[in-house]
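Source file target.cif; content: mmCIF, N, CA and C atoms.
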data_run
#
loop_
_atom_site.label_atom_id
_atom_site.label_comp_id
_atom_site.auth_asym_id
_atom_site.auth_seq_id
_atom_site.Cartn_x
_atom_site.Cartn_y
_atom_site.Cartn_z
N MET N 1 170.32 144.89 115.64
CA MET N 1 169.13 145.50 115.08
C MET N 1 168.70 144.76 113.82
N LYS N 2 169.67 144.35 113.01
CA LYS N 2 169.36 143.64 111.79
C LYS N 2 168.66 142.32 112.10
N ARG N 3 169.11 141.63 113.13
CA ARG N 3 168.46 140.36 113.52
C ARG N 3 167.02 140.59 113.95
N ALA N 4 166.78 141.66 114.67
CA ALA N 4 165.41 141.96 115.11
C ALA N 4 164.51 142.16 113.90
N ARG N 5 165.00 142.83 112.89
CA ARG N 5 164.23 143.06 111.66
C ARG N 5 163.96 141.74 110.96
N VAL N 6 164.99 140.89 110.86
CA VAL N 6 164.83 139.58 110.22
C VAL N 6 163.77 138.77 110.95
N PHE N 7 163.83 138.76 112.28
CA PHE N 7 162.86 137.98 113.03
C PHE N 7 161.47 138.59 112.96
N GLY N 8 161.39 139.89 112.86
CA GLY N 8 160.09 140.51 112.68
C GLY N 8 159.44 140.06 111.39
N ILE N 9 160.22 140.02 110.35
CA ILE N 9 159.73 139.56 109.05
C ILE N 9 159.34 138.09 109.14
N LEU N 10 160.18 137.27 109.79
CA LEU N 10 159.86 135.86 109.95
C LEU N 10 158.57 135.66 110.71
N ALA N 11 158.41 136.43 111.76
CA ALA N 11 157.19 136.32 112.57
C ALA N 11 155.97 136.69 111.75
N LEU N 12 156.08 137.73 110.97
CA LEU N 12 154.94 138.17 110.16
C LEU N 12 154.60 137.15 109.09
N GLN N 13 155.58 136.47 108.56
CA GLN N 13 155.33 135.45 107.56
C GLN N 13 154.68 134.22 108.17
N ALA N 14 154.98 133.95 109.41
CA ALA N 14 154.49 132.75 110.06
C ALA N 14 153.05 132.85 110.54
N PHE N 15 152.49 134.02 110.72
CA PHE N 15 151.15 134.16 111.30
C PHE N 15 150.50 135.52 111.11
N ALA N 16 149.33 135.66 111.71
CA ALA N 16 148.58 136.90 111.68
C ALA N 16 147.83 137.11 113.00
N LEU N 17 147.62 138.35 113.54
CA LEU N 17 147.01 138.59 114.86
C LEU N 17 146.45 139.97 115.26
N ALA N 18 146.17 140.46 117.14
CA ALA N 18 146.00 141.80 117.81
C ALA N 18 145.64 141.95 119.26
N ALA N 19 145.05 141.57 120.43
CA ALA N 19 144.81 142.20 121.76
C ALA N 19 144.76 141.46 123.09
N VAL N 20 144.11 140.48 123.62
CA VAL N 20 144.01 140.10 125.03
C VAL N 20 144.11 138.58 125.28
N ALA N 21 145.00 138.17 126.13
CA ALA N 21 145.33 136.79 126.46
C ALA N 21 144.38 135.72 125.93
N GLY N 22 144.95 134.87 125.11
CA GLY N 22 144.18 133.79 124.53
C GLY N 22 144.96 132.49 124.53
N GLU N 23 144.36 131.49 123.94
CA GLU N 23 145.00 130.19 123.82
C GLU N 23 145.05 129.79 122.35
N TRP N 24 146.12 129.12 121.99
CA TRP N 24 146.26 128.60 120.64
C TRP N 24 145.21 127.52 120.40
N PRO N 25 144.73 127.38 119.16
CA PRO N 25 143.88 126.23 118.86
C PRO N 25 144.73 124.96 118.95
N ALA N 26 144.10 123.81 118.97
CA ALA N 26 144.81 122.54 119.10
C ALA N 26 146.01 122.49 118.16
N ALA N 27 147.18 122.26 118.73
CA ALA N 27 148.46 122.14 118.01
C ALA N 27 148.91 123.43 117.30
N GLY N 28 148.17 124.52 117.45
CA GLY N 28 148.54 125.77 116.78
C GLY N 28 149.84 126.36 117.30
N GLY N 29 150.01 126.35 118.61
CA GLY N 29 151.23 126.90 119.20
C GLY N 29 152.45 126.09 118.81
N GLU N 30 152.30 124.77 118.80
CA GLU N 30 153.41 123.90 118.40
C GLU N 30 153.76 124.12 116.93
N LYS N 31 152.72 124.28 116.10
CA LYS N 31 152.96 124.53 114.67
C LYS N 31 153.70 125.85 114.48
N PHE N 32 153.22 126.89 115.16
CA PHE N 32 153.89 128.19 115.05
C PHE N 32 155.35 128.08 115.45
N THR N 33 155.61 127.47 116.61
CA THR N 33 156.98 127.37 117.11
C THR N 33 157.86 126.56 116.17
N ARG N 34 157.34 125.46 115.68
CA ARG N 34 158.10 124.60 114.75
C ARG N 34 158.47 125.38 113.48
N GLU N 35 157.49 126.08 112.90
CA GLU N 35 157.76 126.85 111.68
C GLU N 35 158.70 128.02 111.93
N CYS N 36 158.53 128.65 113.07
CA CYS N 36 159.40 129.76 113.45
C CYS N 36 160.85 129.28 113.59
N ILE N 37 161.04 128.17 114.28
CA ILE N 37 162.40 127.63 114.47
C ILE N 37 163.01 127.26 113.13
N ALA N 38 162.24 126.63 112.27
CA ALA N 38 162.76 126.25 110.95
C ALA N 38 163.23 127.48 110.17
N SER N 39 162.48 128.56 110.26
CA SER N 39 162.86 129.80 109.56
C SER N 39 164.05 130.48 110.22
N ALA N 40 164.03 130.56 111.54
CA ALA N 40 165.07 131.29 112.26
C ALA N 40 166.40 130.54 112.31
N ALA N 41 166.35 129.23 112.29
CA ALA N 41 167.58 128.43 112.43
C ALA N 41 168.58 128.71 111.32
N GLY N 42 168.14 129.18 110.19
CA GLY N 42 169.05 129.53 109.11
C GLY N 42 169.80 130.83 109.37
N GLN N 43 169.32 131.63 110.33
CA GLN N 43 169.90 132.93 110.62
C GLN N 43 170.75 132.96 111.88
N VAL N 44 170.39 132.13 112.86
CA VAL N 44 171.07 132.11 114.15
C VAL N 44 171.26 130.66 114.59
N PRO N 45 172.12 130.42 115.60
CA PRO N 45 172.28 129.06 116.11
C PRO N 45 170.94 128.49 116.59
N GLN N 46 170.80 127.19 116.48
CA GLN N 46 169.57 126.49 116.83
C GLN N 46 169.03 126.87 118.21
N GLU N 47 169.89 126.90 119.22
CA GLU N 47 169.41 127.18 120.58
C GLU N 47 168.84 128.60 120.71
N LYS N 48 169.41 129.54 119.97
CA LYS N 48 168.88 130.91 119.99
C LYS N 48 167.56 130.97 119.23
N ALA N 49 167.45 130.23 118.15
CA ALA N 49 166.19 130.17 117.40
C ALA N 49 165.07 129.61 118.27
N VAL N 50 165.37 128.54 119.01
CA VAL N 50 164.37 127.92 119.90
C VAL N 50 163.95 128.92 120.98
N ALA N 51 164.91 129.59 121.59
CA ALA N 51 164.60 130.56 122.65
C ALA N 51 163.75 131.71 122.10
N TYR N 52 164.12 132.23 120.95
CA TYR N 52 163.37 133.33 120.33
C TYR N 52 161.94 132.91 120.02
N CYS N 53 161.78 131.75 119.43
CA CYS N 53 160.45 131.29 119.02
C CYS N 53 159.57 130.95 120.22
N ASN N 54 160.15 130.38 121.26
CA ASN N 54 159.38 130.11 122.48
C ASN N 54 158.94 131.42 123.13
N CYS N 55 159.82 132.40 123.14
CA CYS N 55 159.48 133.72 123.67
C CYS N 55 158.33 134.33 122.86
N SER N 56 158.43 134.29 121.56
CA SER N 56 157.39 134.85 120.69
C SER N 56 156.06 134.16 120.92
N ASN N 57 156.08 132.85 121.01
CA ASN N 57 154.87 132.07 121.24
C ASN N 57 154.19 132.53 122.54
N GLY N 58 154.94 132.61 123.61
CA GLY N 58 154.38 133.02 124.90
C GLY N 58 153.84 134.43 124.89
N MET N 59 154.58 135.35 124.29
CA MET N 59 154.13 136.74 124.25
C MET N 59 152.88 136.89 123.38
N MET N 60 152.80 136.10 122.33
CA MET N 60 151.61 136.16 121.48
C MET N 60 150.37 135.71 122.26
N GLN N 61 150.52 134.70 123.09
CA GLN N 61 149.39 134.25 123.90
C GLN N 61 148.96 135.32 124.89
N GLU N 62 149.89 136.11 125.37
CA GLU N 62 149.57 137.19 126.30
C GLU N 62 148.91 138.37 125.58
N ALA N 63 149.29 138.60 124.33
CA ALA N 63 148.86 139.79 123.62
C ALA N 63 147.60 139.61 122.79
N PHE N 64 147.28 138.38 122.40
CA PHE N 64 146.19 138.15 121.46
C PHE N 64 145.10 137.26 122.04
N THR N 65 143.90 137.44 121.50
CA THR N 65 142.77 136.62 121.90
C THR N 65 142.88 135.24 121.26
N THR N 66 142.08 134.32 121.75
CA THR N 66 142.03 132.98 121.17
C THR N 66 141.64 133.07 119.69
N GLU N 67 140.70 133.93 119.37
CA GLU N 67 140.26 134.10 117.97
C GLU N 67 141.42 134.60 117.09
N GLN N 68 142.18 135.53 117.61
CA GLN N 68 143.31 136.06 116.84
C GLN N 68 144.38 134.99 116.65
N LEU N 69 144.63 134.20 117.68
CA LEU N 69 145.61 133.13 117.55
C LEU N 69 145.15 132.08 116.55
N ALA N 70 143.84 131.83 116.48
CA ALA N 70 143.30 130.92 115.48
C ALA N 70 143.57 131.47 114.08
N GLY N 71 143.51 132.80 113.94
CA GLY N 71 143.82 133.43 112.66
C GLY N 71 145.25 133.17 112.23
N VAL N 72 146.14 133.07 113.19
CA VAL N 72 147.54 132.76 112.90
C VAL N 72 147.63 131.39 112.23
N THR N 73 146.98 130.42 112.82
CA THR N 73 147.06 129.06 112.28
C THR N 73 146.33 128.94 110.95
N ASP N 74 145.35 129.82 110.72
CA ASP N 74 144.60 129.80 109.46
C ASP N 74 145.28 130.62 108.36
N GLY N 75 146.33 131.35 108.73
CA GLY N 75 147.06 132.16 107.75
C GLY N 75 146.36 133.47 107.40
N ARG N 76 145.50 133.97 108.27
CA ARG N 76 144.82 135.23 108.04
C ARG N 76 145.83 136.38 108.02
N LYS N 77 145.64 137.31 107.12
CA LYS N 77 146.52 138.48 107.03
C LYS N 77 146.29 139.37 108.25
N PRO N 78 147.37 139.78 108.94
CA PRO N 78 147.21 140.63 110.13
C PRO N 78 146.78 142.05 109.78
N THR N 79 146.05 142.66 110.70
CA THR N 79 145.68 144.08 110.55
C THR N 79 146.90 144.94 110.86
N GLN N 80 146.81 146.22 110.60
CA GLN N 80 147.90 147.14 110.92
C GLN N 80 148.19 147.14 112.42
N GLU N 81 147.14 147.12 113.23
CA GLU N 81 147.31 147.10 114.68
C GLU N 81 148.02 145.81 115.10
N GLU N 82 147.61 144.70 114.54
CA GLU N 82 148.24 143.42 114.86
C GLU N 82 149.70 143.40 114.43
N LEU N 83 149.99 143.99 113.28
CA LEU N 83 151.37 144.07 112.82
C LEU N 83 152.24 144.86 113.79
N ALA N 84 151.70 145.92 114.33
CA ALA N 84 152.45 146.73 115.30
C ALA N 84 152.76 145.90 116.55
N VAL N 85 151.78 145.12 117.02
CA VAL N 85 152.01 144.28 118.19
C VAL N 85 153.04 143.20 117.87
N LEU N 86 152.94 142.60 116.70
CA LEU N 86 153.90 141.56 116.30
C LEU N 86 155.32 142.11 116.22
N THR N 87 155.44 143.32 115.72
CA THR N 87 156.75 143.95 115.63
C THR N 87 157.33 144.16 117.03
N ASP N 88 156.49 144.62 117.96
CA ASP N 88 156.95 144.81 119.33
C ASP N 88 157.37 143.48 119.97
N ILE N 89 156.59 142.44 119.73
CA ILE N 89 156.93 141.11 120.25
C ILE N 89 158.26 140.65 119.69
N SER N 90 158.42 140.81 118.39
CA SER N 90 159.65 140.38 117.74
C SER N 90 160.86 141.12 118.31
N ARG N 91 160.75 142.41 118.46
CA ARG N 91 161.86 143.21 119.01
C ARG N 91 162.18 142.80 120.44
N SER N 92 161.15 142.66 121.23
CA SER N 92 161.34 142.29 122.62
C SER N 92 162.02 140.93 122.76
N CYS N 93 161.52 139.95 122.02
CA CYS N 93 162.11 138.61 122.10
C CYS N 93 163.52 138.58 121.53
N ALA N 94 163.76 139.35 120.49
CA ALA N 94 165.12 139.41 119.93
C ALA N 94 166.10 139.99 120.96
N ARG N 95 165.69 141.07 121.63
CA ARG N 95 166.55 141.67 122.67
C ARG N 95 166.80 140.67 123.79
N GLU N 96 165.78 139.94 124.15
CA GLU N 96 165.86 139.01 125.29
C GLU N 96 166.65 137.74 124.97
N THR N 97 166.57 137.25 123.76
CA THR N 97 167.13 135.93 123.45
C THR N 97 168.34 135.91 122.53
N LEU N 98 168.59 136.99 121.83
CA LEU N 98 169.67 136.97 120.83
C LEU N 98 170.90 137.74 121.26
N LYS N 99 171.09 137.90 122.54
CA LYS N 99 172.25 138.63 123.08
C LYS N 99 173.53 137.90 122.78
#

What would you get if you wrote out this structure as structure tokens?
Amino acid sequence: MKRARVFGILALQAFALAAVAGEWPAAGGEKFTRECIASAAGQVPQEKAVAYCNCSNGMMQEAFTTEQLAGVTDGRKPTQEELAVLTDISRSCARETLK
């Protein structure tokens, strides 16, 4: 549970977002994943950090519009609704990848 909280915080620091399948702007997804791995690698083994961040990246594309994903790369502060979705993504990916 503690790891899920840590990753939720890491995810929130890395971006901002909220609702329906989109695409990252050019190099945005790679930037997110790279920054996520750099943050997470200090907490868990490298391979788990990579798996967690790849999971988060994919789920974000499913959950957010292209405009919202662009907000991630621009560093826009997430809305409360977006924060709730990010928390769910973080928990789900942590359960799936940090076993």

Would you kindly return, as a compact mmCIF listing (two decimals) with N, CA and C atoms, keeping the file's coordinate frame, each protein, DNA or RNA residue with an atom no farther than 8 Å from any atom of Ile37 of chain N, considering only N, CA and C atoms and excluding same-chain residues fewer than 5 positions away?
# COMPACT_ATOMS: atom_id res chain seq x y z
N LYS N 31 152.72 124.28 116.10
CA LYS N 31 152.96 124.53 114.67
C LYS N 31 153.70 125.85 114.48
N PHE N 32 153.22 126.89 115.16
CA PHE N 32 153.89 128.19 115.05
C PHE N 32 155.35 128.08 115.45
N GLY N 42 168.14 129.18 110.19
CA GLY N 42 169.05 129.53 109.11
C GLY N 42 169.80 130.83 109.37
N GLN N 46 170.80 127.19 116.48
CA GLN N 46 169.57 126.49 116.83
C GLN N 46 169.03 126.87 118.21
N LYS N 48 169.41 129.54 119.97
CA LYS N 48 168.88 130.91 119.99
C LYS N 48 167.56 130.97 119.23
N ALA N 49 167.45 130.23 118.15
CA ALA N 49 166.19 130.17 117.40
C ALA N 49 165.07 129.61 118.27
N VAL N 50 165.37 128.54 119.01
CA VAL N 50 164.37 127.92 119.90
C VAL N 50 163.95 128.92 120.98
N ALA N 51 164.91 129.59 121.59
CA ALA N 51 164.60 130.56 122.65
C ALA N 51 163.75 131.71 122.10
N TYR N 52 164.12 132.23 120.95
CA TYR N 52 163.37 133.33 120.33
C TYR N 52 161.94 132.91 120.02
N CYS N 53 161.78 131.75 119.43
CA CYS N 53 160.45 131.29 119.02
C CYS N 53 159.57 130.95 120.22
N ASN N 54 160.15 130.38 121.26
CA ASN N 54 159.38 130.11 122.48
C ASN N 54 158.94 131.42 123.13

Nearby residues (only C-alpha atoms) at most 9 Å from Thr66 of chain N, same-chain spacing under 3 positions excluded, as a ChimeraX atom specification: /N:20-25,61,69-71

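When only C-alpha atoms are used to measure the gap to Phe64 of chain N, the shortest distance among N:Arg76, N:Val85, N:Ala38, N:Thr33 belongs to N:Val85.
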
I need the residue nearest Thr97 of chain N from this list: N:Thr73, N:Glu47, N:Leu83, N:Pro78. Use all atoms listed in the file for the distance. N:Glu47

For a test of reading the model, state the distance in Å between atom CA of Ala94 of chain N and atom CA of Asp74 of chain N, rounded to one decimal.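 Here the two named atoms are 25.0 Å from each other.
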
Quick one, how far is atom CA of Ile89 of chain N from atom CA of Met60 of chain N?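 For atom CA of Ile89 of chain N relative to atom CA of Met60 of chain N, the distance reads 7.4 Å.
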
At what distance in Å, to one decimal, does atom N of Lys99 of chain N lie from atom C of Lys77 of chain N?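 About the pair atom C of Lys77 of chain N and atom N of Lys99 of chain N: they are 28.7 Å apart.
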